[in-house]
Amino acid sequence: MTVTPRFSPESTAGMLKKFFQRLLLSEFFIFYLCIALFVALTPFIPVIASPYNLSNLLSNTWPLFAVAIGQTFVLIIAGIDLSQGAIISITSVIGASLIATKVDSAVFGQSPIWGKLLFEDGAILAHTPLGVPVALLTMILVGLLIGFINGAIIAFARIPAFMVTLVTQMFFASLAIYFVKSENIINLPKSFTSIGADSGLLSIPMVMTVILAVAAQFVLSRTVFGRWLYSIGTNLRAAVVSGVPERKVIILTYMFSGFCAAFASIIYSSRMEMGRPTLGAPFLLDIVGGAVIGGSSLAGGKGKVIWTFLGVLFLSLLGNALSLLNVPFFWIEIVKGSVILAAALIDVTRTRILQYNV
Amino acid sequence: MKSQVRIFSVLLVFAFLMAACSPAAQPAQPAQPAADSGPKQYTICFAFQDLETEFWMAGHKAITETLKARGYKVVEVNSQEDANKQLEQVKNCIAQKVDGIIVIPVDGSIALKLIAEANKANIPIGIFNRPPQSDEGNALTVVANNEKIAEATVEYMAQEAKKLGRKVKPLIMVGDLGDPNAVGRKQGFYNVINKYPDLFETPVEVATKWNADVARDGLQAAMTANPDIDFIFTSSDFLYPTIQGVLEPLGKWKKMGEEGHVIMGGLDGDKTACSLMQPGNAYVDATGVQDLYFEAQTLLDAIVKAIESGDKQPDAWLDDPGFALTQGNMAQRELDMWGCKLFHGK
């Protein structure tokens, strides 16, 4: 009688190959990576699992996730929005310049908004009951307006998104610095700074961002507009032939991206308790990186809000872990850059595997 | 299977969030040394903005080496001029339950937020060289008396200008006015300018934002518009190469004693300034000196004392009086300047 081994080498290798292929193709691949990273590091740096650190980690994640949601929409239509950092900066300055309760004339006397928005006894809306709501609304409207400018130029002038948003990034980043002559606006009212304060599970940034995320995912997965986005990103010509109003969709998408950037600016500015003209400058790599690591494709037609959340969470977790490991500071950026590159390579590999399987 | 994975995933995320946001999500207090476990090795978090100038590099070296020599463990983080990142890094340090925090803040505004976070966590915090924008919160702040040092430097330059027997056209390269150091230096400059109305014409101001590119563009424009400028005060010594780059093509980069020499001074006391003040090769008339080693030593002494005495929120302003190194006192005081010590390899 011949006994067949239950696990032949071939079948084990095949199973392993199948397992890794399934893992790689899983839409929760980054989530598994997050868990693996977290579990692997906990014995070496137990502090990573401490409630304070996790709270800290998540408070860093929410505003980045918010702005990355907008970038995800833009990536889905095969675009890119390089101006989000500038939108964060200029909306931060504009919001703060409406509500600062005290302004130093020695610092802001040379600013072009001195005497118009900023005065010795505070900003123009500083001591009015509707000051903060009006400032928040203004920030959002400015974000939408810049998004509209981006979208309109891309849709009507047919200039590549990279070029248009690069130019608007330069323009609005410089405008933010010009408005306040590089100075930061402090002394913001408590009702504003409390928005970004760390306050446990139901922190305002978390609630705001989760609502934004759920709404965004609903639009993507359950509405005609969402389907238009994917169709434009997959094949613009086919989408136009099918009757998709591509100009309207492109404009609305960039407006949403501007909205998300302004939304994140509210959280960042309130958390740092100031309006900073350079606030958004360093975020671009993390914004695009978070979306791409999550699985959104730079080629368009692919992306989900939950993927972006996982990408941003992974990036934040990685940064947090490297910092807690006391890795030399120059290595941290090298590792983060390498991970983003790896994510792009994995995306290419996944696409190839899927094409091969089809 | 797929639904099980999803349920598991949701549960894990929920657990993660609950852990993160539980009422206990407060920074743990720094551990106290156990009575019977021998001396505790203290950990100090050193959060600095960047290392782009000689001053910051020398400050970084002085602080880290002194701490390590005293047996402290040092956690170093570099925010690369990103205020949000600096806030996250300091929070990471608090999560690690460090015993003390020393910060070179990105600017005076973020310093306030960092002090608030450290105070909330009951961890002593020291601010090095760049003071907070207001006196809110409790921190040990060591800072040079920028106004006095700048004043002493420009006073010497004014005395040199008097020897020309005519009015001079001054220019000041202003730092980032969000940084109180820059405000103090500008004030010190104007104290002297206003003191001698018959000596000085209206000064030209060039904004630098502590950025060499911005400074070069501004200086080039100012020199084109005002070719008669013959008196330059830079709010930081790190801009001397920038100044040289602009003046040299204009034929205005001249040594002291040469025809067309621009009377020049700055503040910091770095190695470049020292090299430009050497006899026979002197382009710079005077430079204000922040006593870097004094500042580092004073801050470290204060924070170590606070940690060892259990003072969680020490609050003190530690003044570095500094001095002006001039061509008149070079022989006596050269080696009191940190940049000259580096220049001479001491």
# chains A, B, ... in the order shown; residues from 1 in each chain; ligands from 1

$ residues_around --residues "range 179-187 of chain A" --least-positions-apart "6" --cutoff "8 Å" --atoms "only C-alpha atoms" --output "list in words"
Val93, Ala96, Ser97, Ala100, Thr101, Lys102, Val103, Val107, Phe108, Gln110, Ser111, Pro112, Ile113, Glu273, Met274, Gly275, Arg276, Pro277 and Thr278 of chain A; Ser109, Asp176, Leu177, Gly178 and Lys209 of chain B

$ closest_atom_pairs --of "range 197-244 of chain A" --to "range 249-270 of chain A" --cutoff "12 Å" --atoms "only C-alpha atoms" --output "tab-separated table"
residue	atom	partner	partner_atom	distance
A:Ala197	CA	A:Ser270	CA	7.5
A:Asp198	CA	A:Ser270	CA	10.7
A:Ser203	CA	A:Ile267	CA	11.0
A:Ile204	CA	A:Ile267	CA	8.8
A:Pro205	CA	A:Ile267	CA	6.3
A:Met206	CA	A:Ile267	CA	9.9
A:Val207	CA	A:Ile267	CA	11.5
A:Met208	CA	A:Phe263	CA	9.0
A:Thr209	CA	A:Ala264	CA	8.7
A:Ile211	CA	A:Phe263	CA	11.9
A:Leu212	CA	A:Cys260	CA	8.6
A:Ala213	CA	A:Cys260	CA	10.2
A:Ala215	CA	A:Phe256	CA	11.8
A:Ala216	CA	A:Phe256	CA	9.5
A:Val219	CA	A:Thr253	CA	11.4
A:Leu220	CA	A:Thr253	CA	11.2
A:Val224	CA	A:Val249	CA	10.9
A:Phe225	CA	A:Val249	CA	7.5
A:Gly226	CA	A:Val249	CA	9.5
A:Arg227	CA	A:Val249	CA	10.6
A:Trp228	CA	A:Val249	CA	7.4
A:Leu229	CA	A:Val249	CA	7.1
A:Tyr230	CA	A:Val249	CA	10.8
A:Ser231	CA	A:Val249	CA	10.8
A:Ile232	CA	A:Val249	CA	8.7
A:Gly233	CA	A:Ile250	CA	10.3
A:Leu236	CA	A:Ile250	CA	10.9
A:Ala239	CA	A:Val249	CA	11.1
A:Val240	CA	A:Val249	CA	11.0
A:Gly243	CA	A:Val249	CA	11.7
A:Val244	CA	A:Val249	CA	8.1

$ write_last_selection --atoms "N, CA and C atoms" --output "compact mmCIF listing (two decimals), in the first residue's frame"
# COMPACT_ATOMS: atom_id res chain seq x y z
N ALA A 197 -8.04 69.92 20.56
CA ALA A 197 -7.46 69.41 21.81
C ALA A 197 -7.63 67.90 21.91
N ASP A 198 -6.61 67.24 22.44
CA ASP A 198 -6.71 65.78 22.64
C ASP A 198 -7.64 65.51 23.81
N SER A 203 -12.82 62.57 20.68
CA SER A 203 -12.20 63.88 20.44
C SER A 203 -12.91 64.48 19.22
N ILE A 204 -12.97 65.78 19.20
CA ILE A 204 -13.67 66.44 18.10
C ILE A 204 -13.01 66.11 16.75
N PRO A 205 -11.66 66.13 16.65
CA PRO A 205 -11.07 65.77 15.34
C PRO A 205 -11.47 64.38 14.87
N MET A 206 -11.56 63.44 15.83
CA MET A 206 -11.93 62.08 15.43
C MET A 206 -13.36 62.05 14.90
N VAL A 207 -14.28 62.66 15.64
CA VAL A 207 -15.68 62.64 15.22
C VAL A 207 -15.83 63.34 13.86
N MET A 208 -15.21 64.51 13.75
CA MET A 208 -15.31 65.26 12.49
C MET A 208 -14.78 64.44 11.32
N THR A 209 -13.61 63.82 11.55
CA THR A 209 -12.96 63.11 10.44
C THR A 209 -13.72 61.83 10.08
N ILE A 211 -16.92 61.34 10.40
CA ILE A 211 -18.12 61.74 9.65
C ILE A 211 -17.74 62.07 8.19
N LEU A 212 -16.65 62.80 8.04
CA LEU A 212 -16.18 63.14 6.69
C LEU A 212 -15.88 61.87 5.90
N ALA A 213 -15.21 60.93 6.57
CA ALA A 213 -14.80 59.69 5.88
C ALA A 213 -16.02 58.87 5.46
N ALA A 215 -19.06 59.91 4.95
CA ALA A 215 -19.76 60.61 3.87
C ALA A 215 -19.02 60.43 2.55
N ALA A 216 -17.68 60.54 2.61
CA ALA A 216 -16.88 60.42 1.39
C ALA A 216 -17.00 59.02 0.80
N VAL A 219 -20.33 58.57 -0.85
CA VAL A 219 -20.35 59.20 -2.18
C VAL A 219 -19.63 58.30 -3.19
N LEU A 220 -18.50 57.75 -2.78
CA LEU A 220 -17.72 56.92 -3.70
C LEU A 220 -18.43 55.64 -4.09
N VAL A 224 -24.01 57.96 -8.02
CA VAL A 224 -23.64 58.02 -9.44
C VAL A 224 -22.35 58.83 -9.58
N PHE A 225 -22.26 59.88 -8.76
CA PHE A 225 -21.06 60.72 -8.82
C PHE A 225 -19.80 59.89 -8.56
N GLY A 226 -19.90 58.99 -7.58
CA GLY A 226 -18.77 58.12 -7.25
C GLY A 226 -18.38 57.26 -8.44
N ARG A 227 -19.40 56.74 -9.15
CA ARG A 227 -19.10 55.89 -10.30
C ARG A 227 -18.48 56.71 -11.44
N TRP A 228 -18.91 57.96 -11.53
CA TRP A 228 -18.32 58.84 -12.54
C TRP A 228 -16.82 59.03 -12.27
N LEU A 229 -16.49 59.18 -10.99
CA LEU A 229 -15.08 59.38 -10.63
C LEU A 229 -14.23 58.21 -11.12
N TYR A 230 -14.69 56.98 -10.79
CA TYR A 230 -13.92 55.80 -11.20
C TYR A 230 -13.85 55.68 -12.72
N SER A 231 -14.96 56.02 -13.37
CA SER A 231 -14.95 55.85 -14.83
C SER A 231 -14.02 56.86 -15.48
N ILE A 232 -13.97 58.08 -14.94
CA ILE A 232 -13.05 59.09 -15.49
C ILE A 232 -11.60 58.65 -15.28
N GLY A 233 -11.33 58.11 -14.10
CA GLY A 233 -9.97 57.69 -13.77
C GLY A 233 -9.53 56.47 -14.56
N LEU A 236 -10.88 58.08 -19.47
CA LEU A 236 -11.56 59.38 -19.62
C LEU A 236 -12.39 59.42 -20.90
N ALA A 239 -15.45 57.44 -20.63
CA ALA A 239 -16.39 58.09 -19.71
C ALA A 239 -17.13 59.22 -20.41
N VAL A 240 -16.42 59.98 -21.20
CA VAL A 240 -17.05 61.11 -21.91
C VAL A 240 -18.06 60.58 -22.92
N GLY A 243 -21.29 59.69 -21.55
CA GLY A 243 -22.16 60.77 -21.06
C GLY A 243 -21.79 61.31 -19.70
N VAL A 244 -20.61 60.98 -19.20
CA VAL A 244 -20.20 61.52 -17.90
C VAL A 244 -19.83 63.00 -18.08

$ closest_residue --among "A:Val288, A:Leu145, A:Val67, A:Ala106" --to "Asp179 in chain B" --atoms "only C-alpha atoms"
A:Ala106

$ interface_residues --of "chain A" --to "chain B" --cutoff "8 Å" --atoms "only C-alpha atoms" --output "mmCIF file with C-alpha atoms, in the first residue's frame"
data_model
loop_
_atom_site.group_PDB
_atom_site.id
_atom_site.type_symbol
_atom_site.label_atom_id
_atom_site.label_comp_id
_atom_site.auth_asym_id
_atom_site.auth_seq_id
_atom_site.Cartn_x
_atom_site.Cartn_y
_atom_site.Cartn_z
ATOM 1 C CA VAL A 47 5.517 52.196 25.322
ATOM 2 C CA SER A 50 0.589 52.765 26.072
ATOM 3 C CA PRO A 51 -2.714 54.623 26.066
ATOM 4 C CA TYR A 52 -0.963 58.001 25.911
ATOM 5 C CA ASN A 53 1.103 56.999 22.900
ATOM 6 C CA LEU A 54 -1.866 55.496 21.063
ATOM 7 C CA SER A 55 -3.891 58.618 21.740
ATOM 8 C CA ASN A 56 -0.975 60.677 20.484
ATOM 9 C CA LEU A 58 -4.298 58.826 16.521
ATOM 10 C CA ASN A 60 -1.589 62.818 14.506
ATOM 11 C CA VAL A 107 5.335 91.969 14.735
ATOM 12 C CA SER A 182 6.052 85.051 7.760
ATOM 13 C CA GLU A 183 4.754 85.590 11.283
ATOM 14 C CA ASN A 184 2.551 83.187 13.209
ATOM 15 C CA ILE A 186 -1.174 83.280 18.205
ATOM 16 C CA SER A 199 -9.650 64.550 24.647
ATOM 17 C CA GLY A 200 -9.947 60.775 24.463
ATOM 18 C CA LEU A 201 -12.128 58.570 22.268
ATOM 19 C CA LEU A 202 -14.657 61.167 21.305
ATOM 20 C CA MET A 272 -1.196 74.055 17.404
ATOM 21 C CA GLU A 273 -3.155 77.049 18.675
ATOM 22 C CA MET A 274 -1.962 79.372 15.939
ATOM 23 C CA LEU A 279 1.749 75.059 8.267
ATOM 24 C CA PRO A 282 5.796 69.703 4.967
ATOM 25 C CA ASN A 320 5.827 56.904 15.650
ATOM 26 C CA SER A 323 10.759 57.852 16.740
ATOM 27 C CA LEU A 324 10.168 55.651 19.793
ATOM 28 C CA ASN A 326 15.205 56.464 18.756
ATOM 29 C CA PRO A 328 18.708 58.579 14.118
ATOM 30 C CA PHE A 329 16.585 61.345 12.674
#

$ residues_around --residues "Ala344 in chain A" --least-positions-apart "5" --cutoff "10 Å" --atoms "only C-alpha atoms" --output "ChimeraX atom specification"
/A:289,292-298,338-339,349-350

$ write_last_selection --atoms "N, CA and C atoms" --output "CSV table (one decimal), in the first residue's frame"
chain,number,residue,atom,x,y,z
A,289,GLY,N,1.6,60.0,0.0
A,289,GLY,CA,2.1,58.7,0.5
A,289,GLY,C,1.0,57.9,1.2
A,292,VAL,N,-1.4,56.5,-1.4
A,292,VAL,CA,-0.8,55.5,-2.3
A,292,VAL,C,-0.5,54.2,-1.5
A,293,ILE,N,0.0,54.3,-0.3
A,293,ILE,CA,0.3,53.1,0.5
A,293,ILE,C,-1.0,52.4,0.8
A,294,GLY,N,-2.1,53.1,1.0
A,294,GLY,CA,-3.3,52.5,1.2
A,294,GLY,C,-3.8,51.7,0.0
A,295,GLY,N,-3.4,52.0,-1.2
A,295,GLY,CA,-3.8,51.3,-2.4
A,295,GLY,C,-4.3,52.1,-3.5
A,296,SER,N,-4.5,53.4,-3.3
A,296,SER,CA,-5.0,54.3,-4.4
A,296,SER,C,-3.9,54.3,-5.4
A,297,SER,N,-4.3,54.2,-6.7
A,297,SER,CA,-3.3,54.2,-7.8
A,297,SER,C,-3.1,55.5,-8.3
A,298,LEU,N,-1.8,55.8,-8.6
A,298,LEU,CA,-1.4,57.1,-9.2
A,298,LEU,C,-1.9,57.1,-10.6
A,338,SER,N,11.4,55.1,1.6
A,338,SER,CA,11.5,53.8,1.0
A,338,SER,C,10.2,53.0,1.1
A,339,VAL,N,9.5,53.2,2.2
A,339,VAL,CA,8.2,52.5,2.3
A,339,VAL,C,7.2,53.0,1.3
A,349,THR,N,2.9,45.5,-8.7
A,349,THR,CA,2.9,44.0,-8.7
A,349,THR,C,1.5,43.5,-8.6
A,350,ARG,N,0.7,44.1,-7.7
A,350,ARG,CA,-0.7,43.6,-7.6
A,350,ARG,C,-1.4,43.8,-8.9

$ residues_around --residues "Lys163 in chain B" --least-positions-apart "5" --cutoff "12 Å" --atoms "only C-alpha atoms" --output "short mmCIF file (atom, residue, chain, number, x, y, z; two decimals) with C-alpha atoms, in the first residue's frame"
data_model
loop_
_atom_site.label_atom_id
_atom_site.label_comp_id
_atom_site.auth_asym_id
_atom_site.auth_seq_id
_atom_site.Cartn_x
_atom_site.Cartn_y
_atom_site.Cartn_z
CA TYR B 156 31.71 99.87 17.98
CA MET B 157 30.79 100.00 14.29
CA ALA B 158 29.43 103.54 14.81
CA VAL B 168 27.05 106.66 6.33
CA LEU B 199 26.05 110.03 11.56
CA GLY B 257 41.83 99.61 5.77
CA ILE B 263 31.87 98.62 7.90
#

$ select_by_dssp --residues "range 108-173 of chain B" --states "strand (DSSP E)" --output "JSON, numbers by chain"
{"B": [125, 126, 127, 128, 140, 141, 142, 143, 144, 170, 171, 172, 173]}

$ select_by_dssp --residues "range 5-246 of chain B" --states "alpha helix (DSSP H)" --output "ChimeraX atom specification"
/B:5-21,54-69,83-95,108-120,146-162,180-195,212-225,240-246

$ closest_atom_pairs --of "range 65-145 of chain B" --to "range 281-296 of chain B" --cutoff "10 Å" --atoms "only C-alpha atoms" --output "Markdown table"
| residue | atom | partner | partner_atom | distance |
| --- | --- | --- | --- | --- |
| B:Thr66 | CA | B:Ala296 | CA | 8.6 |
| B:Phe128 | CA | B:Ala296 | CA | 7.6 |
| B:Asn129 | CA | B:Glu295 | CA | 7.5 |
| B:Thr141 | CA | B:Glu295 | CA | 9.6 |
| B:Val142 | CA | B:Glu295 | CA | 6.1 |
| B:Val143 | CA | B:Glu295 | CA | 7.1 |
| B:Ala144 | CA | B:Gln290 | CA | 5.9 |
| B:Asn145 | CA | B:Gln290 | CA | 8.3 |

$ residues_around --residues "Ile307 in chain B" --least-positions-apart "3" --cutoff "7 Å" --atoms "only C-alpha atoms" --output "number ranges by chain"
B: 99-100, 303-304, 310-311

$ atom_distance --atom1 "CA of Lys120 in chain B" --atom2 "CA of Phe192 in chain A"
19.6 Å

$ closest_atom_pairs --of "range 184-280 of chain B" --to "range 322-344 of chain B" --cutoff "6 Å" --atoms "only C-alpha atoms" --output "CSV"
residue,atom,partner,partner_atom,distance
B:Gly269,CA,B:Gly339,CA,5.5
B:Asp270,CA,B:Gly339,CA,3.9
B:Lys271,CA,B:Gly339,CA,3.8
B:Cys274,CA,B:Cys340,CA,5.3

$ write_last_selection --atoms "N, CA and C atoms" --output "short mmCIF file (atom, residue, chain, number, x, y, z; two decimals), in the first residue's frame"
data_model
loop_
_atom_site.label_atom_id
_atom_site.label_comp_id
_atom_site.auth_asym_id
_atom_site.auth_seq_id
_atom_site.Cartn_x
_atom_site.Cartn_y
_atom_site.Cartn_z
N GLY B 269 28.67 84.99 16.78
CA GLY B 269 30.02 84.64 17.21
C GLY B 269 30.46 83.31 16.64
N ASP B 270 30.14 83.06 15.37
CA ASP B 270 30.47 81.73 14.83
C ASP B 270 31.89 81.69 14.22
N LYS B 271 32.21 80.54 13.70
CA LYS B 271 33.55 80.29 13.18
C LYS B 271 33.85 81.17 11.96
N CYS B 274 34.70 84.59 13.01
CA CYS B 274 36.05 84.62 13.56
C CYS B 274 37.09 84.66 12.43
#

$ residues_around --residues "Asp230 in chain B" --least-positions-apart "3" --cutoff "8 Å" --atoms "only C-alpha atoms" --output "ChimeraX atom specification"
/B:168-170,260-263

$ write_last_selection --atoms "C-alpha atoms" --output "compact mmCIF listing (two decimals), in the first residue's frame"
# COMPACT_ATOMS: atom_id res chain seq x y z
CA VAL B 168 27.05 106.66 6.33
CA LYS B 169 24.21 104.65 4.80
CA PRO B 170 23.40 101.70 7.07
CA GLY B 260 35.69 101.18 -0.10
CA HIS B 261 35.58 98.89 2.95
CA VAL B 262 32.01 98.39 4.11
CA ILE B 263 31.87 98.62 7.90
